Amino acid sequence: MLKQIILRKDKDRVIHNKHPWIFSGAAESLPPLEEGEIIQIVNHERQLVAYAFYAPGNQIIARVFEFTSSPKDVNAKAYWVQKIRTAFEIRQSFLVSEQTNAYRLIHAEGDFFPGLIADVYNNVVVLQFLIKGAERLQAIIVDAISRLGFEYIFAKSKKVSQLLENMDIPTGWVSKMQGPDRVEVLENGARFIVDFQEGQKTGFFLDQRDARALLAEFSAGKKVLNTFSYTGGFSIYALLAEAEFVHSVDSSESAIMLSEENAALNGFGAPKHEAFAEDVFDYLKKMEHGAYDIIVLDPPAFAKTAKSLINATRGYKELNLKAMQKIKPGGIIFTFSCSQKVSRDLFRKIIFGAAADSGRNVRILAQTTQGLDHPVNIYHPENEYLKGLVLQVE
Ligand code: SAH
């Protein structure tokens, strides 16, 4: 029998709303259990309501992976294999093609699997364990993913969660076979080298696939500036769509080098593509007015915590204001925020503030979000983190 957490009487609503995070205040008492253990959650009448990963000591004491009133064998391998297979089939049906073999296979709560990220790069799968509960299932997860036909599986635990939840898995291969150091992938026909071992996150920003495809539609014959360019995601799409030229700017030397390598892989070099290892704020300050028809602004999450929200707001505003002041009349700005703490509404207000200060007329032509391989659990709206606006600036 699994151990139980009993919810307080006034907390039934928590269950009705199926939010996967159970906070410590919702429980009648906290049993002495191991970190990451699978537990049952019962209501005050002792009826089963959910299964979850336990995290004593955290504010979020349990992360639910199944809301149900009828018992399920959640310790069985078959249960997890099925969960992973369902996620795989959604991607197979709607995303994977001869043109695209890089995608997120498991998006944590969005795939009802709290604490697990799994990204597919061609024949390599990169896992990120965000909580102990997911990490304890490592052997089952690796087996389930191998059964889907992937030979090489690499685990990369996030440093922050290692601190929070005593994660054990070191970075390295967890499949029987050791794979390559880097891997080449295809995304909508564009070729990219992904350095999943040394690169940021799991190696590539898969969540921007659709926005990159949209940029391609605007790029023919245009002078494009791609800021926070990382390994050149947006740049390569613009080049393949016959931009006049593309400039990539990122502060990371290694990312800039890889963006040049990726441009070459797709048949582009200077002067069509040039990449600069520089701070974006400095670059925008010294940039000439009217130098670009299109500017992409895809900064890292400025607001990681609620406290840093004010600074983040300033950062986004300054960035967008500079781009609006300097873009060629009639130009297009692709602007994004991936801070989960900045809501779509707030982001829109920040952009409004920048537009008003720039004194220019601004139209919203399109709005973007994360791709379908980053699904949002409807009961867990926090999972919708990526917001984008395509602006035309008169
Ligand atoms: N648009 C990219 C992903 C951007 S991730 C893609 O589609 O792949 C954010 C990037 O911003 C990282 O590569 C990071 O190195 C870079 N960065 C962070 N702060 C920066 C700054 N002040 N100036 C320049 N680059 C910065």
# chains A, B, ... in the order shown; residues from 1 in each chain; ligands from 1
>>> residues_near_ligand(ligand="ligand 1", cutoff="10 Å", atoms="only C-alpha atoms and all ligand atoms", output="PyMOL selection string")
chain A and resi 199-201+203-209+211-212+226-237+248-256+259+276-284+296-302+315+336+338
>>> residues_around(residues="A:Arg136", least_positions_apart="3", cutoff="12 Å", atoms="only C-alpha atoms", output="ChimeraX atom specification")
/A:34-38,53-54,75,115-116,129-133,139-142,165-169
>>> select_by_dssp(residues="stretch 9-224 of chain A", states="strand (DSSP E or B)", output="JSON, numbers by chain")
{"A": [21, 22, 23, 27, 38, 39, 40, 41, 42, 48, 49, 50, 51, 52, 53, 54, 60, 61, 62, 63, 64, 65, 66, 67, 102, 103, 104, 105, 106, 107, 116, 117, 118, 119, 120, 121, 124, 125, 126, 127, 128, 129, 152, 153, 154, 155, 172, 173, 183, 184, 185, 186, 187, 190, 191, 192, 193, 194, 223, 224]}
>>> closest_atom_pairs(of="stretch 56-172 of chain A", to="stretch 19-27 of chain A", cutoff="8 Å", atoms="only C-alpha atoms", output="tab-separated table")
residue	atom	partner	partner_atom	distance
A:Asn58	CA	A:Ser24	CA	7.8
A:Gln59	CA	A:Ser24	CA	5.8
A:Ile60	CA	A:Phe23	CA	4.4
A:Ile61	CA	A:Ser24	CA	5.5
A:Ala62	CA	A:Ile22	CA	5.1
A:Arg63	CA	A:Trp21	CA	4.9
A:Val64	CA	A:Pro20	CA	4.6
A:Phe65	CA	A:Pro20	CA	7.0
A:Glu109	CA	A:Pro20	CA	7.5
>>> closest_residue(among="A:Ala303, A:Leu240, A:Ala55, A:Ala190", to="A:Phe347", atoms="only C-alpha atoms")
A:Ala303
>>> closest_residue(among="A:Ala356, A:Val14, A:Val185, A:Val362", to="A:Gln99", atoms="only C-alpha atoms")
A:Val185
>>> closest_residue(among="A:Ala323, A:Val224, A:Ile15, A:Ala366", to="A:Leu389", atoms="only C-alpha atoms")
A:Ala366
>>> decode(residues="stretch 363-378 of chain A", atoms="all heavy atoms", output="PDB file, in the first residue's frame")
ATOM      1  N   ARG A 363       1.591  48.298 -35.101  1.00  0.00           N
ATOM      2  CA  ARG A 363       0.496  47.332 -35.275  1.00  0.00           C
ATOM      3  C   ARG A 363       0.947  45.967 -34.782  1.00  0.00           C
ATOM      4  O   ARG A 363       2.072  45.551 -35.072  1.00  0.00           O
ATOM      5  CB  ARG A 363       0.176  47.116 -36.753  1.00  0.00           C
ATOM      6  CG  ARG A 363      -0.482  48.230 -37.480  1.00  0.00           C
ATOM      7  CD  ARG A 363      -0.718  47.729 -38.926  1.00  0.00           C
ATOM      8  NE  ARG A 363      -1.417  48.698 -39.738  1.00  0.00           N
ATOM      9  CZ  ARG A 363      -0.824  49.722 -40.356  1.00  0.00           C
ATOM     10  NH1 ARG A 363       0.487  49.888 -40.262  1.00  0.00           N
ATOM     11  NH2 ARG A 363      -1.540  50.565 -41.073  1.00  0.00           N
ATOM     12  N   ILE A 364       0.069  45.228 -34.131  1.00  0.00           N
ATOM     13  CA  ILE A 364       0.354  43.817 -33.839  1.00  0.00           C
ATOM     14  C   ILE A 364      -0.150  43.010 -35.027  1.00  0.00           C
ATOM     15  O   ILE A 364      -1.346  43.008 -35.324  1.00  0.00           O
ATOM     16  CB  ILE A 364      -0.357  43.351 -32.555  1.00  0.00           C
ATOM     17  CG1 ILE A 364       0.152  44.143 -31.350  1.00  0.00           C
ATOM     18  CG2 ILE A 364      -0.153  41.852 -32.342  1.00  0.00           C
ATOM     19  CD1 ILE A 364      -0.587  43.843 -30.052  1.00  0.00           C
ATOM     20  N   LEU A 365       0.758  42.349 -35.716  1.00  0.00           N
ATOM     21  CA  LEU A 365       0.355  41.542 -36.874  1.00  0.00           C
ATOM     22  C   LEU A 365       0.056  40.107 -36.492  1.00  0.00           C
ATOM     23  O   LEU A 365      -0.740  39.436 -37.139  1.00  0.00           O
ATOM     24  CB  LEU A 365       1.467  41.530 -37.931  1.00  0.00           C
ATOM     25  CG  LEU A 365       1.879  42.865 -38.538  1.00  0.00           C
ATOM     26  CD1 LEU A 365       2.922  42.623 -39.625  1.00  0.00           C
ATOM     27  CD2 LEU A 365       0.677  43.606 -39.122  1.00  0.00           C
ATOM     28  N   ALA A 366       0.738  39.622 -35.487  1.00  0.00           N
ATOM     29  CA  ALA A 366       0.539  38.222 -35.090  1.00  0.00           C
ATOM     30  C   ALA A 366       1.004  38.031 -33.658  1.00  0.00           C
ATOM     31  O   ALA A 366       1.772  38.844 -33.130  1.00  0.00           O
ATOM     32  CB  ALA A 366       1.333  37.301 -36.018  1.00  0.00           C
ATOM     33  N   GLN A 367       0.489  36.979 -33.031  1.00  0.00           N
ATOM     34  CA  GLN A 367       0.911  36.617 -31.683  1.00  0.00           C
ATOM     35  C   GLN A 367       1.369  35.166 -31.730  1.00  0.00           C
ATOM     36  O   GLN A 367       0.754  34.350 -32.402  1.00  0.00           O
ATOM     37  CB  GLN A 367      -0.253  36.752 -30.713  1.00  0.00           C
ATOM     38  CG  GLN A 367      -0.894  38.121 -30.814  1.00  0.00           C
ATOM     39  CD  GLN A 367      -1.660  38.503 -29.568  1.00  0.00           C
ATOM     40  OE1 GLN A 367      -1.265  38.171 -28.464  1.00  0.00           O
ATOM     41  NE2 GLN A 367      -2.758  39.198 -29.758  1.00  0.00           N
ATOM     42  N   THR A 368       2.430  34.884 -31.017  1.00  0.00           N
ATOM     43  CA  THR A 368       2.945  33.509 -31.063  1.00  0.00           C
ATOM     44  C   THR A 368       3.046  32.920 -29.663  1.00  0.00           C
ATOM     45  O   THR A 368       2.991  33.634 -28.667  1.00  0.00           O
ATOM     46  CB  THR A 368       4.351  33.441 -31.710  1.00  0.00           C
ATOM     47  OG1 THR A 368       5.300  34.001 -30.796  1.00  0.00           O
ATOM     48  CG2 THR A 368       4.407  34.194 -33.023  1.00  0.00           C
ATOM     49  N   THR A 369       3.195  31.611 -29.617  1.00  0.00           N
ATOM     50  CA  THR A 369       3.386  30.923 -28.342  1.00  0.00           C
ATOM     51  C   THR A 369       4.255  29.695 -28.588  1.00  0.00           C
ATOM     52  O   THR A 369       4.741  29.489 -29.702  1.00  0.00           O
ATOM     53  CB  THR A 369       2.018  30.579 -27.698  1.00  0.00           C
ATOM     54  OG1 THR A 369       2.246  29.995 -26.419  1.00  0.00           O
ATOM     55  CG2 THR A 369       1.212  29.606 -28.543  1.00  0.00           C
ATOM     56  N   GLN A 370       4.481  28.919 -27.529  1.00  0.00           N
ATOM     57  CA  GLN A 370       5.309  27.724 -27.671  1.00  0.00           C
ATOM     58  C   GLN A 370       4.650  26.703 -28.596  1.00  0.00           C
ATOM     59  O   GLN A 370       3.435  26.688 -28.736  1.00  0.00           O
ATOM     60  CB  GLN A 370       5.549  27.131 -26.279  1.00  0.00           C
ATOM     61  CG  GLN A 370       4.277  26.738 -25.564  1.00  0.00           C
ATOM     62  CD  GLN A 370       4.304  27.048 -24.066  1.00  0.00           C
ATOM     63  OE1 GLN A 370       4.572  28.161 -23.637  1.00  0.00           O
ATOM     64  NE2 GLN A 370       4.009  26.047 -23.272  1.00  0.00           N
ATOM     65  N   GLY A 371       5.443  25.855 -29.208  1.00  0.00           N
ATOM     66  CA  GLY A 371       4.928  24.868 -30.152  1.00  0.00           C
ATOM     67  C   GLY A 371       4.120  23.768 -29.486  1.00  0.00           C
ATOM     68  O   GLY A 371       4.078  23.652 -28.259  1.00  0.00           O
ATOM     69  N   LEU A 372       3.473  22.946 -30.305  1.00  0.00           N
ATOM     70  CA  LEU A 372       2.560  21.931 -29.767  1.00  0.00           C
ATOM     71  C   LEU A 372       3.274  20.812 -29.018  1.00  0.00           C
ATOM     72  O   LEU A 372       2.638  20.028 -28.303  1.00  0.00           O
ATOM     73  CB  LEU A 372       1.662  21.350 -30.875  1.00  0.00           C
ATOM     74  CG  LEU A 372       2.295  20.481 -31.956  1.00  0.00           C
ATOM     75  CD1 LEU A 372       2.399  19.034 -31.522  1.00  0.00           C
ATOM     76  CD2 LEU A 372       1.465  20.571 -33.216  1.00  0.00           C
ATOM     77  N   ASP A 373       4.602  20.759 -29.164  1.00  0.00           N
ATOM     78  CA  ASP A 373       5.350  19.782 -28.368  1.00  0.00           C
ATOM     79  C   ASP A 373       5.683  20.327 -26.975  1.00  0.00           C
ATOM     80  O   ASP A 373       6.370  19.673 -26.196  1.00  0.00           O
ATOM     81  CB  ASP A 373       6.636  19.345 -29.101  1.00  0.00           C
ATOM     82  CG  ASP A 373       7.462  20.529 -29.575  1.00  0.00           C
ATOM     83  OD1 ASP A 373       6.901  21.632 -29.730  1.00  0.00           O
ATOM     84  OD2 ASP A 373       8.674  20.344 -29.778  1.00  0.00           O
ATOM     85  N   HIS A 374       5.172  21.540 -26.678  1.00  0.00           N
ATOM     86  CA  HIS A 374       5.264  22.105 -25.326  1.00  0.00           C
ATOM     87  C   HIS A 374       3.843  22.353 -24.841  1.00  0.00           C
ATOM     88  O   HIS A 374       3.439  23.491 -24.601  1.00  0.00           O
ATOM     89  CB  HIS A 374       6.042  23.424 -25.331  1.00  0.00           C
ATOM     90  CG  HIS A 374       7.478  23.266 -25.709  1.00  0.00           C
ATOM     91  ND1 HIS A 374       7.881  22.782 -26.938  1.00  0.00           N
ATOM     92  CD2 HIS A 374       8.613  23.504 -25.019  1.00  0.00           C
ATOM     93  CE1 HIS A 374       9.206  22.736 -26.966  1.00  0.00           C
ATOM     94  NE2 HIS A 374       9.670  23.170 -25.823  1.00  0.00           N
ATOM     95  N   PRO A 375       3.033  21.284 -24.743  1.00  0.00           N
ATOM     96  CA  PRO A 375       1.614  21.471 -24.438  1.00  0.00           C
ATOM     97  C   PRO A 375       1.396  22.056 -23.044  1.00  0.00           C
ATOM     98  O   PRO A 375       2.260  21.943 -22.173  1.00  0.00           O
ATOM     99  CB  PRO A 375       1.050  20.046 -24.506  1.00  0.00           C
ATOM    100  CG  PRO A 375       2.200  19.142 -24.285  1.00  0.00           C
ATOM    101  CD  PRO A 375       3.407  19.851 -24.822  1.00  0.00           C
ATOM    102  N   VAL A 376       0.256  22.684 -22.887  1.00  0.00           N
ATOM    103  CA  VAL A 376      -0.096  23.286 -21.598  1.00  0.00           C
ATOM    104  C   VAL A 376      -1.221  22.463 -20.977  1.00  0.00           C
ATOM    105  O   VAL A 376      -2.292  22.309 -21.563  1.00  0.00           O
ATOM    106  CB  VAL A 376      -0.570  24.745 -21.793  1.00  0.00           C
ATOM    107  CG1 VAL A 376      -0.883  25.376 -20.441  1.00  0.00           C
ATOM    108  CG2 VAL A 376       0.485  25.558 -22.530  1.00  0.00           C
ATOM    109  N   ASN A 377      -0.962  21.935 -19.824  1.00  0.00           N
ATOM    110  CA  ASN A 377      -1.987  21.268 -19.025  1.00  0.00           C
ATOM    111  C   ASN A 377      -3.002  22.352 -18.641  1.00  0.00           C
ATOM    112  O   ASN A 377      -2.636  23.348 -18.016  1.00  0.00           O
ATOM    113  CB  ASN A 377      -1.271  20.687 -17.793  1.00  0.00           C
ATOM    114  CG  ASN A 377      -2.206  20.121 -16.754  1.00  0.00           C
ATOM    115  OD1 ASN A 377      -3.384  20.422 -16.741  1.00  0.00           O
ATOM    116  ND2 ASN A 377      -1.644  19.322 -15.875  1.00  0.00           N
ATOM    117  N   ILE A 378      -4.244  22.174 -19.030  1.00  0.00           N
ATOM    118  CA  ILE A 378      -5.223  23.261 -18.841  1.00  0.00           C
ATOM    119  C   ILE A 378      -5.409  23.628 -17.371  1.00  0.00           C
ATOM    120  O   ILE A 378      -5.772  24.759 -17.040  1.00  0.00           O
ATOM    121  CB  ILE A 378      -6.564  22.915 -19.525  1.00  0.00           C
ATOM    122  CG1 ILE A 378      -7.389  24.190 -19.704  1.00  0.00           C
ATOM    123  CG2 ILE A 378      -7.342  21.861 -18.734  1.00  0.00           C
ATOM    124  CD1 ILE A 378      -8.429  24.098 -20.790  1.00  0.00           C
TER     125      ILE A 378
END
